[in-house]
>>> print(open('target-v6.pdb').read())   # PDB, C-alpha atoms
ATOM      1  CA  MET A 129      59.297 -96.772-143.004
ATOM      2  CA  ASP A 130      60.070 -93.061-143.346
ATOM      3  CA  SER A 131      62.299 -92.713-146.409
ATOM      4  CA  THR A 132      63.723 -89.305-145.469
ATOM      5  CA  ARG A 133      67.491 -89.549-145.253
ATOM      6  CA  ILE A 134      69.373 -88.151-142.257
ATOM      7  CA  PRO A 135      72.729 -86.452-143.018
ATOM      8  CA  VAL A 136      75.148 -87.263-140.182
ATOM      9  CA  ILE A 137      78.772 -86.667-139.181
ATOM     10  CA  PHE A 138      80.027 -89.275-136.707
ATOM     11  CA  ASP A 139      82.551 -88.159-134.070
ATOM     12  CA  THR A 140      83.969 -91.272-132.458
ATOM     13  CA  ASP A 141      86.810 -93.078-130.669
ATOM     14  CA  PRO A 142      86.438 -96.653-131.990
ATOM     15  CA  GLY A 143      85.964 -98.682-129.717
ATOM     16  CA  ILE A 144      83.816-101.792-129.998
ATOM     17  CA  ASP A 145      80.459-100.181-129.218
ATOM     18  CA  ASP A 146      81.508 -97.344-131.542
ATOM     19  CA  ALA A 147      81.877 -99.952-134.283
ATOM     20  CA  LEU A 148      78.309-101.128-133.675
ATOM     21  CA  ALA A 149      77.072 -97.533-133.880
ATOM     22  CA  LEU A 150      79.037 -97.018-137.080
ATOM     23  CA  ALA A 151      77.442-100.161-138.502
ATOM     24  CA  LEU A 152      74.027 -98.554-138.011
ATOM     25  CA  LEU A 153      75.090 -95.184-139.388
ATOM     26  CA  ALA A 154      76.834 -96.674-142.418
ATOM     27  CA  SER A 155      74.432 -99.489-143.248
ATOM     28  CA  HIS A 156      70.917 -98.360-142.377
ATOM     29  CA  PRO A 157      69.199 -96.945-145.476
ATOM     30  CA  ARG A 158      67.873 -93.893-143.638
ATOM     31  CA  PHE A 159      71.322 -92.540-142.788
ATOM     32  CA  ASP A 160      73.470 -90.441-145.094
ATOM     33  CA  LEU A 161      76.853 -90.720-143.366
ATOM     34  CA  LEU A 162      78.951 -87.799-144.633
ATOM     35  CA  ALA A 163      82.190 -88.144-142.678
ATOM     36  CA  VAL A 164      83.820 -89.648-139.606
ATOM     37  CA  THR A 165      86.029 -87.723-137.178
ATOM     38  CA  SER A 166      88.243 -89.465-134.651
ATOM     39  CA  ALA A 167      89.247 -88.631-131.102
ATOM     40  CA  PHE A 168      91.241 -90.076-128.221
ATOM     41  CA  GLY A 169      89.303 -92.097-125.668
ATOM     42  CA  ASN A 170      88.945 -95.841-125.971
ATOM     43  CA  ALA A 171      92.495 -95.864-127.336
ATOM     44  CA  SER A 172      95.027 -93.296-128.552
ATOM     45  CA  VAL A 173      93.905 -91.078-131.418
ATOM     46  CA  ASP A 174      96.363 -92.792-133.755
ATOM     47  CA  ILE A 175      94.675 -96.127-133.076
ATOM     48  CA  THR A 176      91.109 -94.787-133.165
ATOM     49  CA  THR A 177      91.823 -93.005-136.448
ATOM     50  CA  ARG A 178      93.117 -96.187-138.084
ATOM     51  CA  ASN A 179      90.087 -98.030-136.750
ATOM     52  CA  ALA A 180      87.753 -95.360-138.126
ATOM     53  CA  GLN A 181      89.363 -95.685-141.554
ATOM     54  CA  GLY A 182      89.217 -99.474-141.507
ATOM     55  CA  LEU A 183      85.642 -99.624-140.230
ATOM     56  CA  THR A 184      84.327 -97.192-142.836
ATOM     57  CA  ALA A 185      85.947 -99.376-145.484
ATOM     58  CA  LEU A 186      84.502-102.515-143.860
ATOM     59  CA  PHE A 187      81.012-101.027-144.106
ATOM     60  CA  GLY A 188      81.552 -99.955-147.706
ATOM     61  CA  LYS A 189      81.658 -96.189-147.156
ATOM     62  CA  ASP A 190      84.091 -94.127-149.227
ATOM     63  CA  ILE A 191      83.838 -90.970-147.117
ATOM     64  CA  PRO A 192      86.266 -88.536-145.452
ATOM     65  CA  VAL A 193      87.868 -89.564-142.175
ATOM     66  CA  ALA A 194      89.669 -86.806-140.255
ATOM     67  CA  ARG A 195      92.005 -87.179-137.286
ATOM     68  CA  GLY A 196      90.869 -85.277-134.231
ATOM     69  CA  ALA A 197      91.947 -84.393-130.729
ATOM     70  CA  GLU A 198      94.732 -86.404-129.148
ATOM     71  CA  GLY A 199      93.837 -85.238-125.647
ATOM     72  CA  PRO A 200      91.476 -83.047-123.614
ATOM     73  CA  LEU A 201      91.341 -79.247-123.623
ATOM     74  CA  ARG A 202      93.312 -79.233-120.369
ATOM     75  CA  ASP A 203      96.345 -81.485-120.602
ATOM     76  CA  GLU A 204      96.228 -82.336-116.898
ATOM     77  CA  ARG A 205      92.903 -84.077-117.528
ATOM     78  CA  ARG A 206      94.588 -86.878-119.480
ATOM     79  CA  ARG A 207      93.547 -90.328-118.313
ATOM     80  CA  ASN A 208      94.499 -93.853-119.277
ATOM     81  CA  HIS A 209      92.779 -95.135-122.403
ATOM     82  CA  ALA A 210      90.074 -97.787-121.986
ATOM     83  CA  THR A 211      92.140-100.619-123.468
ATOM     84  CA  HIS A 212      91.074-102.912-120.604
ATOM     85  CA  VAL A 213      87.542-102.671-122.015
ATOM     86  CA  HIS A 214      88.196-102.551-125.773
ATOM     87  CA  GLY A 215      91.601-104.215-126.152
ATOM     88  CA  ASP A 216      94.985-102.684-126.959
ATOM     89  CA  ASP A 217      93.894-102.015-130.541
ATOM     90  CA  GLY A 218      90.461-100.668-129.578
ATOM     91  CA  ILE A 219      88.443-103.438-131.228
ATOM     92  CA  GLY A 220      89.181-106.593-129.320
ATOM     93  CA  GLY A 221      92.424-107.550-131.081
ATOM     94  CA  LEU A 222      90.886-107.626-134.557
ATOM     95  CA  SER A 223      92.294-104.462-136.133
ATOM     96  CA  ALA A 224      94.521-106.504-138.449
ATOM     97  CA  GLN A 225      91.372-107.941-140.023
ATOM     98  CA  LEU A 226      90.031-104.551-141.059
ATOM     99  CA  PRO A 227      90.318-103.720-144.770
ATOM    100  CA  ALA A 228      92.668-101.051-146.039
ATOM    101  CA  PRO A 229      91.230 -97.522-146.155
ATOM    102  CA  THR A 230      89.482 -96.612-149.389
ATOM    103  CA  ARG A 231      90.923 -93.085-149.389
ATOM    104  CA  PRO A 232      93.764 -91.190-147.660
ATOM    105  CA  LEU A 233      93.151 -89.549-144.314
ATOM    106  CA  ASP A 234      91.549 -86.132-144.805
ATOM    107  CA  PRO A 235      94.243 -83.445-144.432
ATOM    108  CA  ARG A 236      92.010 -81.237-142.266
ATOM    109  CA  PRO A 237      91.876 -81.588-138.493
ATOM    110  CA  ALA A 238      88.556 -82.943-137.313
ATOM    111  CA  ASP A 239      87.253 -79.637-135.975
ATOM    112  CA  GLN A 240      87.896 -77.924-139.313
ATOM    113  CA  LEU A 241      86.167 -80.682-141.262
ATOM    114  CA  LEU A 242      83.171 -80.386-138.937
ATOM    115  CA  CYS A 243      82.970 -76.637-139.526
ATOM    116  CA  ASP A 244      83.463 -76.935-143.281
ATOM    117  CA  LEU A 245      80.722 -79.523-143.788
ATOM    118  CA  VAL A 246      78.237 -77.753-141.520
ATOM    119  CA  ASN A 247      78.843 -74.465-143.350
ATOM    120  CA  GLU A 248      78.345 -76.183-146.700
ATOM    121  CA  ARG A 249      74.937 -77.545-145.632
ATOM    122  CA  PRO A 250      73.482 -75.205-143.001
ATOM    123  CA  GLY A 251      70.432 -76.522-141.207
ATOM    124  CA  GLU A 252      70.835 -80.061-142.518
ATOM    125  CA  ILE A 253      73.522 -81.980-140.617
ATOM    126  CA  THR A 254      73.242 -83.780-137.297
ATOM    127  CA  LEU A 255      76.429 -84.382-135.321
ATOM    128  CA  VAL A 256      76.554 -87.716-133.493
ATOM    129  CA  ALA A 257      79.366 -87.765-130.925
ATOM    130  CA  VAL A 258      80.145 -90.867-128.877
ATOM    131  CA  GLY A 259      83.639 -90.196-127.530
ATOM    132  CA  PRO A 260      85.091 -87.299-125.555
ATOM    133  CA  PHE A 261      83.556 -84.104-126.927
ATOM    134  CA  THR A 262      86.836 -82.285-127.545
ATOM    135  CA  ASN A 263      86.403 -82.079-131.325
ATOM    136  CA  LEU A 264      82.987 -80.454-130.923
ATOM    137  CA  ALA A 265      84.339 -77.923-128.432
ATOM    138  CA  LEU A 266      87.229 -77.080-130.765
ATOM    139  CA  ALA A 267      84.831 -76.691-133.684
ATOM    140  CA  LEU A 268      82.756 -74.213-131.639
ATOM    141  CA  GLN A 269      85.960 -72.354-130.824
ATOM    142  CA  ARG A 270      87.039 -72.291-134.464
ATOM    143  CA  ASP A 271      83.668 -71.101-135.769
ATOM    144  CA  PRO A 272      81.002 -70.243-133.169
ATOM    145  CA  SER A 273      78.470 -69.695-135.980
ATOM    146  CA  ILE A 274      78.110 -73.449-136.535
ATOM    147  CA  ALA A 275      75.929 -73.582-133.413
ATOM    148  CA  SER A 276      73.142 -71.955-135.410
ATOM    149  CA  LYS A 277      73.770 -74.093-138.495
ATOM    150  CA  VAL A 278      73.634 -77.690-137.255
ATOM    151  CA  LYS A 279      70.291 -79.433-137.257
ATOM    152  CA  GLY A 280      71.121 -81.099-133.959
ATOM    153  CA  VAL A 281      73.771 -82.671-131.774
ATOM    154  CA  ILE A 282      73.343 -86.174-130.332
ATOM    155  CA  VAL A 283      75.880 -87.256-127.731
ATOM    156  CA  MET A 284      76.432 -90.481-125.862
ATOM    157  CA  GLY A 285      77.629 -89.482-122.426
ATOM    158  CA  GLY A 286      76.725 -88.554-118.913
ATOM    159  CA  ALA A 287      74.663 -90.145-116.173
ATOM    160  CA  PHE A 288      71.806 -88.579-114.239
ATOM    161  CA  GLY A 289      71.201 -91.212-111.565
ATOM    162  CA  LEU A 290      67.955 -92.653-112.928
ATOM    163  CA  ARG A 291      67.103 -96.277-112.029
ATOM    164  CA  GLY A 292      70.443 -96.566-110.263
ATOM    165  CA  HIS A 293      72.572 -95.712-113.296
ATOM    166  CA  SER A 294      75.309 -93.446-112.005
ATOM    167  CA  GLY A 295      78.890 -93.079-113.223
ATOM    168  CA  ASN A 296      81.043 -95.787-114.754
ATOM    169  CA  VAL A 297      84.475 -94.264-114.030
ATOM    170  CA  SER A 298      83.593 -92.646-110.699
ATOM    171  CA  PRO A 299      80.492 -92.842-108.525
ATOM    172  CA  VAL A 300      78.995 -89.959-110.546
ATOM    173  CA  ALA A 301      80.983 -89.547-113.782
ATOM    174  CA  GLU A 302      80.598 -91.282-117.147
ATOM    175  CA  ALA A 303      83.762 -91.952-119.176
ATOM    176  CA  ASN A 304      83.222 -89.568-122.117
ATOM    177  CA  ILE A 305      82.463 -86.679-119.767
ATOM    178  CA  MET A 306      85.347 -87.418-117.413
ATOM    179  CA  ALA A 307      87.738 -87.584-120.378
ATOM    180  CA  ASP A 308      87.188 -83.860-121.021
ATOM    181  CA  PRO A 309      84.765 -82.156-118.598
ATOM    182  CA  GLU A 310      85.512 -78.678-119.972
ATOM    183  CA  ALA A 311      84.674 -79.765-123.527
ATOM    184  CA  ALA A 312      81.445 -81.420-122.383
ATOM    185  CA  ASP A 313      80.345 -78.318-120.490
ATOM    186  CA  ARG A 314      81.024 -76.144-123.549
ATOM    187  CA  VAL A 315      78.996 -78.461-125.750
ATOM    188  CA  PHE A 316      76.040 -78.597-123.344
ATOM    189  CA  THR A 317      75.937 -74.829-122.808
ATOM    190  CA  ALA A 318      76.397 -73.792-126.453
ATOM    191  CA  PRO A 319      73.356 -72.355-128.276
ATOM    192  CA  TRP A 320      72.643 -75.463-130.318
ATOM    193  CA  PRO A 321      70.142 -78.274-129.650
ATOM    194  CA  VAL A 322      71.771 -81.173-127.800
ATOM    195  CA  THR A 323      70.199 -84.520-126.980
ATOM    196  CA  ILE A 324      72.104 -86.455-124.310
ATOM    197  CA  VAL A 325      71.893 -90.235-124.452
ATOM    198  CA  GLY A 326      73.461 -91.253-121.159
ATOM    199  CA  LEU A 327      73.975 -94.345-119.061
ATOM    200  CA  ASP A 328      70.427 -93.950-117.706
ATOM    201  CA  VAL A 329      69.154 -95.420-120.975
ATOM    202  CA  THR A 330      72.176 -97.081-122.602
ATOM    203  CA  GLN A 331      72.540 -99.468-119.658
ATOM    204  CA  GLU A 332      68.892-100.405-120.120
ATOM    205  CA  ALA A 333      69.604-101.403-123.752
ATOM    206  CA  ILE A 334      71.472-104.686-123.364
ATOM    207  CA  MET A 335      72.448-106.703-126.424
ATOM    208  CA  ARG A 336      72.428-110.277-125.115
ATOM    209  CA  GLU A 337      74.771-112.859-126.566
ATOM    210  CA  ALA A 338      71.927-114.291-128.658
ATOM    211  CA  ASP A 339      71.296-110.828-130.132
ATOM    212  CA  LEU A 340      74.955-110.407-131.003
ATOM    213  CA  ALA A 341      75.129-113.871-132.553
ATOM    214  CA  LYS A 342      72.543-112.769-135.125
ATOM    215  CA  LEU A 343      75.254-110.583-136.689
ATOM    216  CA  ARG A 344      77.276-113.629-137.753
ATOM    217  CA  GLY A 345      77.513-114.250-141.472
ATOM    218  CA  ARG A 346      75.927-110.931-142.400
ATOM    219  CA  GLY A 347      77.207-107.913-144.279
ATOM    220  CA  ASP A 348      79.965-109.544-146.355
ATOM    221  CA  GLY A 349      82.055-110.272-143.286
ATOM    222  CA  ALA A 350      81.196-107.095-141.374
ATOM    223  CA  GLY A 351      78.758-108.853-139.071
ATOM    224  CA  GLU A 352      81.228-111.635-138.344
ATOM    225  CA  LEU A 353      83.934-109.146-137.370
ATOM    226  CA  LEU A 354      81.516-107.331-135.066
ATOM    227  CA  TRP A 355      80.561-110.616-133.442
ATOM    228  CA  GLN A 356      84.199-111.525-132.861
ATOM    229  CA  ALA A 357      85.043-108.056-131.521
ATOM    230  CA  THR A 358      82.169-108.170-129.060
ATOM    231  CA  ARG A 359      83.588-111.359-127.527
ATOM    232  CA  HIS A 360      86.246-109.223-125.805
ATOM    233  CA  TYR A 361      83.727-106.557-124.843
ATOM    234  CA  GLN A 362      81.228-109.074-123.475
ATOM    235  CA  ARG A 363      83.850-110.764-121.304
ATOM    236  CA  PHE A 364      84.527-107.422-119.625
ATOM    237  CA  TYR A 365      80.832-106.789-118.880
ATOM    238  CA  ASP A 366      80.143-110.393-117.876
ATOM    239  CA  GLU A 367      82.956-110.219-115.324
ATOM    240  CA  ARG A 368      81.951-106.785-114.033
ATOM    241  CA  ASP A 369      78.147-106.793-114.264
ATOM    242  CA  GLY A 370      77.134-110.348-115.201
ATOM    243  CA  ILE A 371      74.709-109.173-117.903
ATOM    244  CA  GLY A 372      75.289-111.936-120.457
ATOM    245  CA  GLY A 373      75.919-109.418-123.219
ATOM    246  CA  ILE A 374      76.944-105.803-123.752
ATOM    247  CA  TYR A 375      75.426-102.384-123.262
ATOM    248  CA  ALA A 376      74.401-100.704-126.515
ATOM    249  CA  HIS A 377      75.982 -97.420-125.449
ATOM    250  CA  ASP A 378      76.969 -95.721-128.696
ATOM    251  CA  ALA A 379      74.413 -97.479-130.873
ATOM    252  CA  SER A 380      71.688 -95.851-128.774
ATOM    253  CA  ALA A 381      72.919 -92.418-129.889
ATOM    254  CA  ALA A 382      72.409 -93.434-133.504
ATOM    255  CA  ALA A 383      69.107 -95.176-132.754
ATOM    256  CA  ILE A 384      67.405 -92.082-131.364
ATOM    257  CA  LEU A 385      67.513 -90.534-134.841
ATOM    258  CA  LEU A 386      65.706 -93.530-136.319
ATOM    259  CA  VAL A 387      63.219 -94.305-133.557
ATOM    260  CA  PRO A 388      62.824 -91.143-131.473
ATOM    261  CA  GLU A 389      59.531 -92.504-130.165
ATOM    262  CA  ALA A 390      61.515 -95.181-128.305
ATOM    263  CA  PHE A 391      62.995 -92.558-125.984
ATOM    264  CA  THR A 392      61.441 -90.386-123.280
ATOM    265  CA  LEU A 393      63.117 -86.991-122.956
ATOM    266  CA  ARG A 394      63.433 -84.399-120.208
ATOM    267  CA  ARG A 395      64.183 -80.750-120.936
ATOM    268  CA  GLY A 396      66.382 -78.336-118.986
ATOM    269  CA  PRO A 397      69.861 -76.758-118.917
ATOM    270  CA  VAL A 398      72.752 -79.171-118.312
ATOM    271  CA  ARG A 399      76.098 -78.434-116.678
ATOM    272  CA  VAL A 400      79.195 -80.497-115.924
ATOM    273  CA  VAL A 401      80.997 -80.413-112.587
ATOM    274  CA  ARG A 402      84.623 -79.501-113.311
ATOM    275  CA  GLU A 403      86.319 -79.478-109.910
ATOM    276  CA  GLY A 404      86.325 -81.536-106.753
ATOM    277  CA  ILE A 405      85.130 -84.989-105.812
ATOM    278  CA  ALA A 406      82.197 -84.842-108.265
ATOM    279  CA  THR A 407      84.265 -83.851-111.309
ATOM    280  CA  GLY A 408      82.593 -85.177-114.449
ATOM    281  CA  GLN A 409      79.090 -85.346-112.994
ATOM    282  CA  THR A 410      76.307 -84.195-115.319
ATOM    283  CA  ILE A 411      73.466 -82.237-113.723
ATOM    284  CA  GLN A 412      70.230 -81.072-115.327
ATOM    285  CA  ASP A 413      68.037 -78.314-113.924
ATOM    286  CA  TRP A 414      64.882 -80.045-115.175
ATOM    287  CA  ARG A 415      62.550 -78.467-112.617
ATOM    288  CA  ASN A 416      63.454 -75.035-113.942
ATOM    289  CA  GLU A 417      63.596 -75.434-117.715
ATOM    290  CA  HIS A 418      65.179 -72.037-118.410
ATOM    291  CA  GLY A 419      67.516 -72.031-115.411
ATOM    292  CA  THR A 420      66.166 -68.674-114.285
ATOM    293  CA  GLY A 421      67.880 -67.376-111.171
ATOM    294  CA  THR A 422      70.328 -70.279-110.901
ATOM    295  CA  ALA A 423      73.869 -71.124-111.976
ATOM    296  CA  TRP A 424      72.260 -72.313-115.220
ATOM    297  CA  SER A 425      70.885 -68.877-116.076
ATOM    298  CA  GLY A 426      71.378 -67.950-119.709
ATOM    299  CA  HIS A 427      72.177 -71.480-120.849
ATOM    300  CA  PRO A 428      69.915 -73.293-123.300
ATOM    301  CA  ALA A 429      67.562 -76.055-122.279
ATOM    302  CA  GLN A 430      68.836 -79.380-123.624
ATOM    303  CA  LEU A 431      67.197 -82.790-123.861
ATOM    304  CA  VAL A 432      68.204 -85.707-121.651
ATOM    305  CA  CYS A 433      67.009 -89.260-122.287
ATOM    306  CA  VAL A 434      65.331 -90.663-119.191
ATOM    307  CA  GLU A 435      63.602 -93.805-120.491
ATOM    308  CA  VAL A 436      64.025 -96.149-123.445
ATOM    309  CA  ASP A 437      62.091 -98.892-125.197
ATOM    310  CA  ALA A 438      65.142-101.129-125.428
ATOM    311  CA  PRO A 439      63.669-103.847-127.708
ATOM    312  CA  ARG A 440      62.788-101.170-130.270
ATOM    313  CA  VAL A 441      66.389 -99.972-130.283
ATOM    314  CA  LEU A 442      67.897-103.445-130.557
ATOM    315  CA  ALA A 443      65.528-104.357-133.392
ATOM    316  CA  LEU A 444      67.308-101.838-135.620
ATOM    317  CA  PHE A 445      70.187-104.258-136.056
ATOM    318  CA  ASP A 446      67.818-106.531-137.976
ATOM    319  CA  GLU A 447      67.360-103.701-140.504
ATOM    320  CA  ILE A 448      71.024-103.400-141.537
ATOM    321  CA  PHE A 449      73.335-105.479-143.716
TER     322      PHE A 449
END
>>> encode(input="target-v6.pdb", output="structure tokens")
Amino acid sequence: MDSTRIPVIFDTDPGIDDALALALLASHPRFDLLAVTSAFGNASVDITTRNAQGLTALFGKDIPVARGAEGPLRDERRRNHATHVHGDDGIGGLSAQLPAPTRPLDPRPADQLLCDLVNERPGEITLVAVGPFTNLALALQRDPSIASKVKGVIVMGGAFGLRGHSGNVSPVAEANIMADPEAADRVFTAPWPVTIVGLDVTQEAIMREADLAKLRGRGDGAGELLWQATRHYQRFYDERDGIGGIYAHDASAAAILLVPEAFTLRRGPVRVVREGIATGQTIQDWRNEHGTGTAWSGHPAQLVCVEVDAPRVLALFDEIF
């Protein structure tokens, strides 16, 4: 195994699948998890921030946690939180079982912490964002120079219609994009390298109940809590899609850093539809990599995941705890 460590900041709205991604980022020996920033999304930012603090403690990480955006860039974009998927507390009713935080909440807002850490280690840090991308957009607004200083940006979001995987909150829109379309469009068109891990691949990576059961009894109680939390999450997907498990949405965004060979990528500028019936749709001009002569002109080519070796991704959970 490659022993090179990967410095990461995790921007998240925990969230049950966020907790699984955080388990990988905090527990896999290749990751150097520097900080966690919270955002609204799966629950209110107050709830997701408490969950982020408790989960980092659960996984034994004494690192900064900063509270982030409580809503989208445009207030009229506010939507109901996804408590029907993740529970009222964001993690399937188990928040009371999380340990107390190991340190106080960082006094900086999330976007400032992002800028500060990137400026301290230019060229080294990868941002992994699995909630609405408001914190990233605010960080670009606060300090546009960070775009040239991050090593990369990995986001879980979007849907490009491959193998029948379209939107999950509208016929064309994925939840993280729909939560703040303006922020997503800013992130995709900024001059930094973005890799988009969307529903096209995350809905191919299904953790079956037998896979999830392997977490039980592992990680000094962490695995057991994840198993119990995924009971709520699995019931939602079993009722809606009948998959006998859960989609490894956010964990796939962490996995691509460990096993990039498990993913097939497509290059081209990406934009987000921000008005009308297709609001929240993600579109890539992959036939015209540089967007020359189109509405994408002048925007950087980004990478979109189009295929995944799902067993290779799921096998990573055998390498933690």
>>> resolve_selection(input="target-v6.pdb", expression="the PyMOL selection byres ((chain A and resi 155-171) around 7)", output="ChimeraX atom specification")
/A:131-143,151-154,172-173,175-177,180,187,191-199,209-211,214,218,238,259-260,447-449
>>> resolve_selection(input="target-v6.pdb", expression="the PyMOL selection byres ((chain A and resi 312) around 9)", output="NGL selection string")
:A and (260-262 or 264-265 or 285 or 304-306 or 308-311 or 313-317 or 399-400 or 408)
>>> write_last_selection(input="target-v6.pdb", atoms="C-alpha atoms", output="PDB file, in the frame of the given file")
ATOM      1  CA  PRO A 260      85.091 -87.299-125.555  1.00  0.00           C
ATOM      2  CA  PHE A 261      83.556 -84.104-126.927  1.00  0.00           C
ATOM      3  CA  THR A 262      86.836 -82.285-127.545  1.00  0.00           C
ATOM      4  CA  LEU A 264      82.987 -80.454-130.923  1.00  0.00           C
ATOM      5  CA  ALA A 265      84.339 -77.923-128.432  1.00  0.00           C
ATOM      6  CA  GLY A 285      77.629 -89.482-122.426  1.00  0.00           C
ATOM      7  CA  ASN A 304      83.222 -89.568-122.117  1.00  0.00           C
ATOM      8  CA  ILE A 305      82.463 -86.679-119.767  1.00  0.00           C
ATOM      9  CA  MET A 306      85.347 -87.418-117.413  1.00  0.00           C
ATOM     10  CA  ASP A 308      87.188 -83.860-121.021  1.00  0.00           C
ATOM     11  CA  PRO A 309      84.765 -82.156-118.598  1.00  0.00           C
ATOM     12  CA  GLU A 310      85.512 -78.678-119.972  1.00  0.00           C
ATOM     13  CA  ALA A 311      84.674 -79.765-123.527  1.00  0.00           C
ATOM     14  CA  ASP A 313      80.345 -78.318-120.490  1.00  0.00           C
ATOM     15  CA  ARG A 314      81.024 -76.144-123.549  1.00  0.00           C
ATOM     16  CA  VAL A 315      78.996 -78.461-125.750  1.00  0.00           C
ATOM     17  CA  PHE A 316      76.040 -78.597-123.344  1.00  0.00           C
ATOM     18  CA  THR A 317      75.937 -74.829-122.808  1.00  0.00           C
ATOM     19  CA  ARG A 399      76.098 -78.434-116.678  1.00  0.00           C
ATOM     20  CA  VAL A 400      79.195 -80.497-115.924  1.00  0.00           C
ATOM     21  CA  GLY A 408      82.593 -85.177-114.449  1.00  0.00           C
TER      22      GLY A 408
END
>>> closest_residue(input="target-v6.pdb", among="A:Ala287, A:Leu354, A:Trp320, A:Asp413", to="A:Leu183", atoms="all atoms listed in the file")
A:Leu354
>>> atom_distance(input="target-v6.pdb", atom1="atom CA of A:Ala224", atom2="atom CA of A:Phe445")
24.6 Å
>>> residues_around(input="target-v6.pdb", residues="A:Asp366", least_positions_apart="5", cutoff="12 Å", atoms="all atoms listed in the file", output="number ranges by chain")
A: 213, 334, 336-337, 358-361, 371-375
>>> decode(input="target-v6.pdb", residues="stretch 377-388 of chain A", atoms="N, CA, C and O atoms", output="CSV table (one decimal), in the first residue's frame")
chain,number,residue,atom,x,y,z
A,377,HIS,N,-22.8,7.1,-0.8
A,377,HIS,CA,-22.7,8.4,-1.5
A,377,HIS,C,-21.4,9.1,-1.1
A,377,HIS,O,-20.4,9.3,-1.8
A,378,ASP,N,-21.3,9.6,0.2
A,378,ASP,CA,-20.2,10.4,0.6
A,378,ASP,C,-18.9,9.6,0.8
A,378,ASP,O,-17.8,10.2,0.6
A,379,ALA,N,-19.0,8.4,1.2
A,379,ALA,CA,-17.8,7.6,1.3
A,379,ALA,C,-17.1,7.5,-0.1
A,379,ALA,O,-15.9,7.3,-0.1
A,380,SER,N,-17.8,7.5,-1.2
A,380,SER,CA,-17.2,7.4,-2.5
A,380,SER,C,-16.3,8.6,-2.7
A,380,SER,O,-15.3,8.5,-3.4
A,381,ALA,N,-16.7,9.8,-2.2
A,381,ALA,CA,-15.8,11.0,-2.4
A,381,ALA,C,-14.5,10.9,-1.6
A,381,ALA,O,-13.5,11.4,-2.0
A,382,ALA,N,-14.5,10.2,-0.5
A,382,ALA,CA,-13.2,9.9,0.2
A,382,ALA,C,-12.5,8.8,-0.5
A,382,ALA,O,-11.2,8.8,-0.7
A,383,ALA,N,-13.2,7.8,-1.0
A,383,ALA,CA,-12.5,6.6,-1.6
A,383,ALA,C,-11.7,7.0,-2.9
A,383,ALA,O,-10.7,6.4,-3.1
A,384,ILE,N,-12.2,8.0,-3.6
A,384,ILE,CA,-11.5,8.3,-4.9
A,384,ILE,C,-10.0,8.7,-4.6
A,384,ILE,O,-9.1,8.6,-5.4
A,385,LEU,N,-9.8,9.2,-3.4
A,385,LEU,CA,-8.4,9.6,-3.1
A,385,LEU,C,-7.5,8.4,-2.8
A,385,LEU,O,-6.3,8.5,-2.9
A,386,LEU,N,-8.1,7.4,-2.3
A,386,LEU,CA,-7.4,6.2,-1.9
A,386,LEU,C,-7.2,5.2,-3.1
A,386,LEU,O,-6.2,4.6,-3.3
A,387,VAL,N,-8.3,5.1,-3.9
A,387,VAL,CA,-8.3,4.1,-5.0
A,387,VAL,C,-8.7,4.8,-6.3
A,387,VAL,O,-9.8,4.5,-6.9
A,388,PRO,N,-8.0,5.8,-6.8
A,388,PRO,CA,-8.4,6.5,-8.0
A,388,PRO,C,-8.6,5.6,-9.2
A,388,PRO,O,-9.4,5.9,-10.1
